[in-house]
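Structure record follows, encoded as structure tokens.
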Amino acid sequence: MNLLILGLNHTTAPLSLREKLAFGPEELESSINMIRAMFGAPACGGIKEVAILSTCNRTEIYCAAEEPSAAFRSLQDFLVQSKHVSLTELEEQLYFLVQDDAIRHAFRVASGLDSMVLGETQIVGQMKKAVKTASHAGGLGLFLNQLFQKTYAVAKEVRSSTEIGAHSISLAAAAVRVANRIFGSLSESNILFIGAGEMIELCAAHFGAQNPQKVTVANRTVARAQALADQVGANAVSLAELPEILHNYDVVVSCTASTLPILGLGMVQSAVKKRRYRPIFMVDLAVPRDIEQEVSSLDEVYVYTVDDLGKVVQSGMEGRKAAVALAEELIAKRVEEFKNWFSSRESVPQILLLQKRADDLRMMELEKAKKALHKGESVENVLETMSKGLMKKYIHDPLTVMRNTQSLSEEDYEKVLDLRQRFYHYHGR
């Protein structure tokens with residue numbers, strides 16, 4: 001069994017491709033079940049365990065599979081078919097990681113080393129949700145379960161023993177910074193949040209600290225919008241009201257799970273006219289995007305996507321290089337530990353076979369001893385014969401290997417000698 005990760009992220013693929021390959025919450029379980037059902041045979045990769053992590057910055061499929069190369073082809077075909085993209089689009093954007101590289105990547109992702117915002121903590125929560133979904137779908141087994149539990153522990157250790165998250169700028173803070181550049185103080189501004197999830201909640205806290213004049217939360221479910229609005233002292237409206245109220249807002253921050261744009265070109269053009277062409281700052285944190293791409297062509301509208309804000313948060317990276325180096329060193333140690341656990345799992349079948357072989361030999365000698373006692377031989381003679389018989393049988397296989405070392409390569413011969421010394425605690429005396 002091998003641990004595998006197939007995916008793409010903000011460093012390997014543009015937003016236009018990431019939004020095509022994003023998995024909505026409603027399709028995760030069915031996709032996991034489909035992968036296991038379609039590619040469980042060895043010829044298709046022997047994929048036994050599956051989890052899917054899909055965020056605004058990445059789409060990654062985590063697997064435990066028997067045949068890595070076949071699994072890679074199968075997963076690639078699955079993305080092409082299920083997401084309606086061409087193989088040409090994917091080939092140069094995807095990364096495929098096996099075993100050590102996959103373990104290291106999982107640890108780095110959870111620790112915030114692979115994030116757009118270095119050291120951010122939101123990714124751990126997103127990973128835990130993905131694991132919970134995979135567990136509910138029956139996609140987790142021994143290997144992925146162990147990988148993710150170790151991943152959480154490593155992420156916690158990295159954050160507690162390094163300053164990886166110190167002085168980092170979140171996407172929400174970056175959005176406030178850009179808004180200040182456009183409008184100066186936000187105390188006279190009206191702000192509209194579209195969505196009511198964790199990211200909008202975080203943005204509401206950051207923008208709320210700027211003491212805006214008016215804040216409104218719009219959501220498909222008004223009750224959920226109202227719950228967030230109550231927390232931040234805002235109004236709550238439904239998405240259906242957006243065409244009538246959009247022109248009232250200077251800053252619009254959107255992050256929903258919609259598969260189609262919430263704000264189209266026509267709606268925004270109408271709002272700009274009603275505003276008499278005063279500027280609007282729009283932040284689109286959703287993948288797929290909530291704001292139609294053509295909206296960015298309007299002169300009066302400043303649209304920032306997650307990738308645009310990512311460039312803002314990269315500032316200050318130089319000062320965190322020491323923390324990154326320390327975190328990478330710690331992760332390298334934990335990867336070795338996990339490899340040792342994995343190797344121990346691989347040796348279990350051989351250990352069981354060895355135990356069965358030894359027990360079979362024991363039973364053979366025991367039966368001989370019983371027959372000898374039944375014939376009236378002395379207990380002392382029977383025990384002596386049985387002990388010698390057991391000794392001869394137990395060392396027969398190792399001696400056979402040692403007698404045939406002339407057929408081994410120099411490297412294999414050294415391995416046999418090393419194994420003999422470790423097995424018998426032999427020190428050359």
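By convention here, the chains of the structure tokens are called A, B, ... in the order presented, each chain's residues are numbered starting at 1, and ligands are numbered starting at 1 in the order presented.
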
Show which residues sit within 8 Å of region 392-400 of chain A, as number ranges by chain. Count only C-alpha atoms, and ignore same-chain residues fewer than 4 positions away. A: 358, 361, 388, 404

DSSP-assigned helix (DSSP H, G or I) members of region 47-144 of chain A, reported as a PyMOL selection string: chain A and resi 68-83+87-91+100-110+122-136+142-144

All residues 6 Å or closer to Ala323 (chain A), only C-alpha atoms, same chain fewer than 3 positions away omitted, as an MDAnalysis selection string: chainID A and resid 162:164 320 326

Distance table requested - region 77-110 of chain A against region 144-152 of chain A, cut-off 7 Å, only C-alpha atoms: one row per qualifying residue with the closest atom pair and its distance in Å to one decimal, ordered by chain and rising residue number, as a tab-separated table.
```
residue	atom	partner	partner_atom	distance
A:Ala106	CA	A:Thr151	CA	6.5
A:Phe107	CA	A:Thr151	CA	5.2
A:Ala110	CA	A:Thr151	CA	6.6
```

Please save N, CA and C atoms of the selected residues as a compact mmCIF listing (two decimals), in the first residue's frame.
```txt
# COMPACT_ATOMS: atom_id res chain seq x y z
N ALA A 106 1.56 16.69 3.09
CA ALA A 106 0.43 16.78 4.03
C ALA A 106 0.82 17.56 5.28
N PHE A 107 2.01 17.27 5.80
CA PHE A 107 2.50 17.97 6.99
C PHE A 107 2.68 19.46 6.70
N ALA A 110 -0.84 21.35 6.33
CA ALA A 110 -1.50 21.58 7.61
C ALA A 110 -0.76 22.60 8.47
```

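Counting from CA of Ala223 (chain A), the distance to CA of Asn57 (chain A) is 28.6 Å.
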
Report, in Å with one decimal, the straight-line distance from CA of Val117 (chain A) to CA of Gly195 (chain A). 21.4 Å

Mind giving me the straight-line distance from CA of Ala229 (chain A) to CA of Glu27 (chain A) in Å, one decimal? 29.0 Å

Contact residues around Met364 (chain A) with only C-alpha atoms at 12 Å, ignoring same-chain residues under 5 positions, as an mmCIF file with N, CA and C atoms, in the first residue's frame:
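Saved as result.cif:
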```
data_model
loop_
_atom_site.group_PDB
_atom_site.id
_atom_site.type_symbol
_atom_site.label_atom_id
_atom_site.label_comp_id
_atom_site.auth_asym_id
_atom_site.auth_seq_id
_atom_site.Cartn_x
_atom_site.Cartn_y
_atom_site.Cartn_z
ATOM 1 N N ARG A 357 5.140 -20.229 10.607
ATOM 2 C CA ARG A 357 6.167 -21.225 10.278
ATOM 3 C C ARG A 357 6.766 -21.809 11.565
ATOM 4 N N ALA A 358 7.079 -20.941 12.525
ATOM 5 C CA ALA A 358 7.660 -21.394 13.791
ATOM 6 C C ALA A 358 6.679 -22.275 14.556
ATOM 7 N N ASP A 359 5.406 -21.898 14.522
ATOM 8 C CA ASP A 359 4.409 -22.677 15.251
ATOM 9 C C ASP A 359 4.207 -24.043 14.599
ATOM 10 N N ALA A 369 7.267 -35.781 20.241
ATOM 11 C CA ALA A 369 7.525 -35.983 21.674
ATOM 12 C C ALA A 369 6.388 -36.759 22.321
ATOM 13 N N LYS A 370 5.140 -36.463 21.962
ATOM 14 C CA LYS A 370 3.993 -37.168 22.528
ATOM 15 C C LYS A 370 4.039 -38.651 22.181
ATOM 16 N N LYS A 371 4.396 -38.928 20.918
ATOM 17 C CA LYS A 371 4.475 -40.329 20.480
ATOM 18 C C LYS A 371 5.579 -41.065 21.249
ATOM 19 N N MET A 386 13.493 -33.302 21.709
ATOM 20 C CA MET A 386 12.606 -32.245 21.217
ATOM 21 C C MET A 386 13.337 -30.913 21.115
ATOM 22 N N GLY A 389 15.655 -30.991 18.179
ATOM 23 C CA GLY A 389 14.863 -30.938 16.948
ATOM 24 C C GLY A 389 14.379 -29.526 16.635
ATOM 25 N N LEU A 390 13.915 -28.854 17.677
ATOM 26 C CA LEU A 390 13.458 -27.469 17.498
ATOM 27 C C LEU A 390 14.613 -26.562 17.062
ATOM 28 N N LYS A 393 15.498 -27.156 13.389
ATOM 29 C CA LYS A 393 14.487 -26.648 12.462
ATOM 30 C C LYS A 393 14.483 -25.117 12.422
#
```

Residues within 9 Å of Leu309 (chain A), please, as a PDB file with N, CA and C atoms, in the first residue's frame. Count only C-alpha atoms; anything in the same chain fewer than 2 positions from it doesn't count.
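What follows is the written file around22.pdb:
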```pdb
ATOM      1  N   LEU A 171      -5.828  37.130   4.451  1.00  0.00           N
ATOM      2  CA  LEU A 171      -6.521  37.671   3.271  1.00  0.00           C
ATOM      3  C   LEU A 171      -7.486  38.770   3.686  1.00  0.00           C
ATOM      4  N   ALA A 172      -8.148  38.580   4.835  1.00  0.00           N
ATOM      5  CA  ALA A 172      -9.091  39.591   5.319  1.00  0.00           C
ATOM      6  C   ALA A 172      -8.369  40.898   5.630  1.00  0.00           C
ATOM      7  N   ALA A 174      -5.524  41.835   4.373  1.00  0.00           N
ATOM      8  CA  ALA A 174      -5.042  42.381   3.102  1.00  0.00           C
ATOM      9  C   ALA A 174      -6.156  43.140   2.380  1.00  0.00           C
ATOM     10  N   ALA A 175      -7.374  42.609   2.453  1.00  0.00           N
ATOM     11  CA  ALA A 175      -8.514  43.278   1.824  1.00  0.00           C
ATOM     12  C   ALA A 175      -8.756  44.642   2.455  1.00  0.00           C
ATOM     13  N   VAL A 178      -6.107  47.127   1.171  1.00  0.00           N
ATOM     14  CA  VAL A 178      -6.381  47.637  -0.176  1.00  0.00           C
ATOM     15  C   VAL A 178      -7.540  48.627  -0.146  1.00  0.00           C
ATOM     16  N   VAL A 283     -14.257  42.381  -3.400  1.00  0.00           N
ATOM     17  CA  VAL A 283     -13.337  41.304  -3.032  1.00  0.00           C
ATOM     18  C   VAL A 283     -14.041  39.970  -3.253  1.00  0.00           C
ATOM     19  N   TYR A 304     -10.736  42.394  -6.645  1.00  0.00           N
ATOM     20  CA  TYR A 304      -9.572  41.635  -6.162  1.00  0.00           C
ATOM     21  C   TYR A 304     -10.019  40.199  -5.883  1.00  0.00           C
ATOM     22  N   THR A 305      -9.312  39.237  -6.503  1.00  0.00           N
ATOM     23  CA  THR A 305      -9.578  37.811  -6.251  1.00  0.00           C
ATOM     24  C   THR A 305      -8.624  37.311  -5.164  1.00  0.00           C
ATOM     25  N   VAL A 306      -8.751  36.028  -4.819  1.00  0.00           N
ATOM     26  CA  VAL A 306      -7.843  35.452  -3.817  1.00  0.00           C
ATOM     27  C   VAL A 306      -6.393  35.543  -4.290  1.00  0.00           C
ATOM     28  N   ASP A 307      -6.160  35.381  -5.586  1.00  0.00           N
ATOM     29  CA  ASP A 307      -4.799  35.456  -6.100  1.00  0.00           C
ATOM     30  C   ASP A 307      -4.250  36.881  -6.028  1.00  0.00           C
ATOM     31  N   LYS A 311      -0.852  38.298  -3.488  1.00  0.00           N
ATOM     32  CA  LYS A 311       0.345  39.102  -3.758  1.00  0.00           C
ATOM     33  C   LYS A 311       0.573  40.125  -2.652  1.00  0.00           C
ATOM     34  N   VAL A 312      -0.522  40.597  -2.047  1.00  0.00           N
ATOM     35  CA  VAL A 312      -0.408  41.568  -0.957  1.00  0.00           C
ATOM     36  C   VAL A 312       0.164  40.907   0.295  1.00  0.00           C
ATOM     37  N   VAL A 313      -0.290  39.677   0.578  1.00  0.00           N
ATOM     38  CA  VAL A 313       0.125  39.021   1.828  1.00  0.00           C
ATOM     39  C   VAL A 313       1.546  38.479   1.768  1.00  0.00           C
ATOM     40  N   GLN A 314       2.155  38.466   0.579  1.00  0.00           N
ATOM     41  CA  GLN A 314       3.526  37.963   0.476  1.00  0.00           C
ATOM     42  C   GLN A 314       4.539  38.899   1.120  1.00  0.00           C
TER      43      GLN A 314
END
```

Report the residues of region 299-359 of chain A whose backbone DSSP state falls under strand (DSSP E or B), written as a list in words. Val301, Tyr302, Val303, Tyr304 and Thr305 of chain A

Near Phe78 (chain A), counting only C-alpha atoms, which residues have an atom at most 10 Å away, once you skip same-chain residues fewer than 4 positions from it, shown as a short mmCIF file (atom, residue, chain, number, x, y, z; two decimals) with all heavy atoms, in the first residue's frame?
```cif
data_model
loop_
_atom_site.label_atom_id
_atom_site.label_comp_id
_atom_site.auth_asym_id
_atom_site.auth_seq_id
_atom_site.Cartn_x
_atom_site.Cartn_y
_atom_site.Cartn_z
N SER A 31 -18.15 11.72 -4.95
CA SER A 31 -16.88 11.61 -5.69
C SER A 31 -15.96 10.59 -5.03
O SER A 31 -15.29 9.80 -5.72
CB SER A 31 -16.20 12.98 -5.75
OG SER A 31 -16.98 13.90 -6.47
N MET A 34 -17.26 7.20 -5.84
CA MET A 34 -17.04 6.88 -7.25
C MET A 34 -15.59 6.45 -7.49
O MET A 34 -15.34 5.47 -8.20
CB MET A 34 -17.38 8.11 -8.10
CG MET A 34 -17.57 7.81 -9.58
SD MET A 34 -18.03 9.30 -10.51
CE MET A 34 -19.55 9.74 -9.64
N ILE A 35 -14.65 7.16 -6.90
CA ILE A 35 -13.23 6.83 -7.07
C ILE A 35 -12.94 5.43 -6.55
O ILE A 35 -12.27 4.62 -7.20
CB ILE A 35 -12.35 7.87 -6.37
CG1 ILE A 35 -12.41 9.22 -7.10
CG2 ILE A 35 -10.89 7.39 -6.29
CD1 ILE A 35 -11.75 10.36 -6.36
N MET A 38 -14.68 2.79 -8.87
CA MET A 38 -14.15 2.70 -10.24
C MET A 38 -12.71 2.21 -10.28
O MET A 38 -12.29 1.52 -11.22
CB MET A 38 -14.24 4.06 -10.92
CG MET A 38 -15.64 4.54 -11.22
SD MET A 38 -15.68 6.26 -11.84
CE MET A 38 -14.73 6.11 -13.35
N PHE A 39 -11.92 2.54 -9.24
CA PHE A 39 -10.48 2.30 -9.33
C PHE A 39 -9.95 1.42 -8.20
O PHE A 39 -8.79 1.52 -7.81
CB PHE A 39 -9.73 3.65 -9.32
CG PHE A 39 -10.27 4.63 -10.32
CD1 PHE A 39 -10.67 5.90 -9.93
CD2 PHE A 39 -10.39 4.29 -11.66
CE1 PHE A 39 -11.17 6.81 -10.83
CE2 PHE A 39 -10.90 5.19 -12.59
CZ PHE A 39 -11.29 6.46 -12.17
N PHE A 72 -2.43 7.14 -10.51
CA PHE A 72 -2.25 8.48 -11.07
C PHE A 72 -3.07 8.64 -12.35
O PHE A 72 -3.79 9.63 -12.52
CB PHE A 72 -0.78 8.74 -11.34
CG PHE A 72 -0.52 9.98 -12.16
CD1 PHE A 72 -0.83 11.24 -11.65
CD2 PHE A 72 0.02 9.89 -13.43
CE1 PHE A 72 -0.60 12.38 -12.40
CE2 PHE A 72 0.24 11.02 -14.18
CZ PHE A 72 -0.07 12.27 -13.66
N ARG A 73 -2.95 7.67 -13.24
CA ARG A 73 -3.71 7.75 -14.51
C ARG A 73 -5.21 7.74 -14.24
O ARG A 73 -5.97 8.48 -14.88
CB ARG A 73 -3.31 6.58 -15.42
CG ARG A 73 -1.89 6.67 -15.95
CD ARG A 73 -1.65 5.63 -17.04
NE ARG A 73 -1.77 4.27 -16.54
CZ ARG A 73 -0.76 3.58 -16.03
NH1 ARG A 73 0.44 4.13 -15.94
NH2 ARG A 73 -0.94 2.33 -15.62
N SER A 74 -5.64 6.91 -13.30
CA SER A 74 -7.07 6.81 -13.00
C SER A 74 -7.60 8.12 -12.42
O SER A 74 -8.67 8.60 -12.83
CB SER A 74 -7.31 5.67 -12.00
OG SER A 74 -6.99 4.42 -12.57
N SER A 82 -15.01 14.15 -14.75
CA SER A 82 -15.98 14.71 -13.81
C SER A 82 -16.01 16.24 -13.83
O SER A 82 -17.03 16.85 -13.52
CB SER A 82 -15.69 14.22 -12.39
OG SER A 82 -14.43 14.67 -11.95
N LYS A 83 -14.87 16.86 -14.18
CA LYS A 83 -14.79 18.32 -14.17
C LYS A 83 -14.80 18.93 -15.57
O LYS A 83 -14.70 20.15 -15.72
CB LYS A 83 -13.53 18.77 -13.41
CG LYS A 83 -13.55 18.40 -11.93
CD LYS A 83 -14.76 19.03 -11.25
CE LYS A 83 -14.86 18.67 -9.79
NZ LYS A 83 -16.03 19.29 -9.13
N HIS A 84 -14.90 18.06 -16.57
CA HIS A 84 -15.04 18.52 -17.97
C HIS A 84 -13.89 19.45 -18.38
O HIS A 84 -14.10 20.55 -18.90
CB HIS A 84 -16.38 19.22 -18.19
CG HIS A 84 -17.56 18.43 -17.69
ND1 HIS A 84 -17.96 17.25 -18.28
CD2 HIS A 84 -18.39 18.63 -16.63
CE1 HIS A 84 -19.01 16.76 -17.62
NE2 HIS A 84 -19.27 17.57 -16.62
#
```

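For the set A:Ala327, A:Val131, A:Val379, A:Met391, the residue with the smallest atom-to-atom gap to Ser161 (chain A) is A:Ala327, counting only C-alpha atoms.
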
Option closest in space to Leu21 (chain A), from A:Ala41, A:Ile47, A:Cys56, A:Leu97 [counting only C-alpha atoms]: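 Closest to Leu21 (chain A), using only C-alpha atoms: A:Cys56.
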
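Non-sequential neighbours of Leu265 (chain A) (distance at most 8 Å, separation of 4 or more positions within a chain, only C-alpha atoms) are Gln269, Glu292, Glu294 and Val295 of chain A.
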
Based on the selection just made, write N, CA and C atoms of those residues as a tab-separated table (two decimals), in the first residue's frame.
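Saved as out13.tsv:
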```
chain	number	residue	atom	x	y	z
A	269	GLN	N	-23.02	46.86	-13.54
A	269	GLN	CA	-23.12	48.05	-14.40
A	269	GLN	C	-24.28	48.94	-13.96
A	292	GLU	N	-18.60	37.77	-11.68
A	292	GLU	CA	-18.32	37.47	-13.08
A	292	GLU	C	-17.02	38.15	-13.52
A	294	GLU	N	-15.93	39.44	-16.16
A	294	GLU	CA	-16.02	40.66	-16.99
A	294	GLU	C	-16.21	41.92	-16.16
A	295	VAL	N	-16.64	41.76	-14.90
A	295	VAL	CA	-16.87	42.93	-14.04
A	295	VAL	C	-15.57	43.72	-13.84
```

Measuring atom to atom with only C-alpha atoms, identify which of A:Lys132, A:His206, A:Arg58, A:Arg159 is nearest to Met116 (chain A).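 Distance minimum relative to Met116 (chain A) lands on A:Arg58.
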
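For the choices A:Asn33, A:Gln293, A:Ser168, A:Asn2, the atom-to-atom distance to Cys63 (chain A) is smallest for A:Asn2 when using only C-alpha atoms.
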
Which residue, A:Ala65, A:Met199, A:Ala22, A:Ala227, has the smallest gap to Ile123 (chain A) when you use only C-alpha atoms? A:Met199
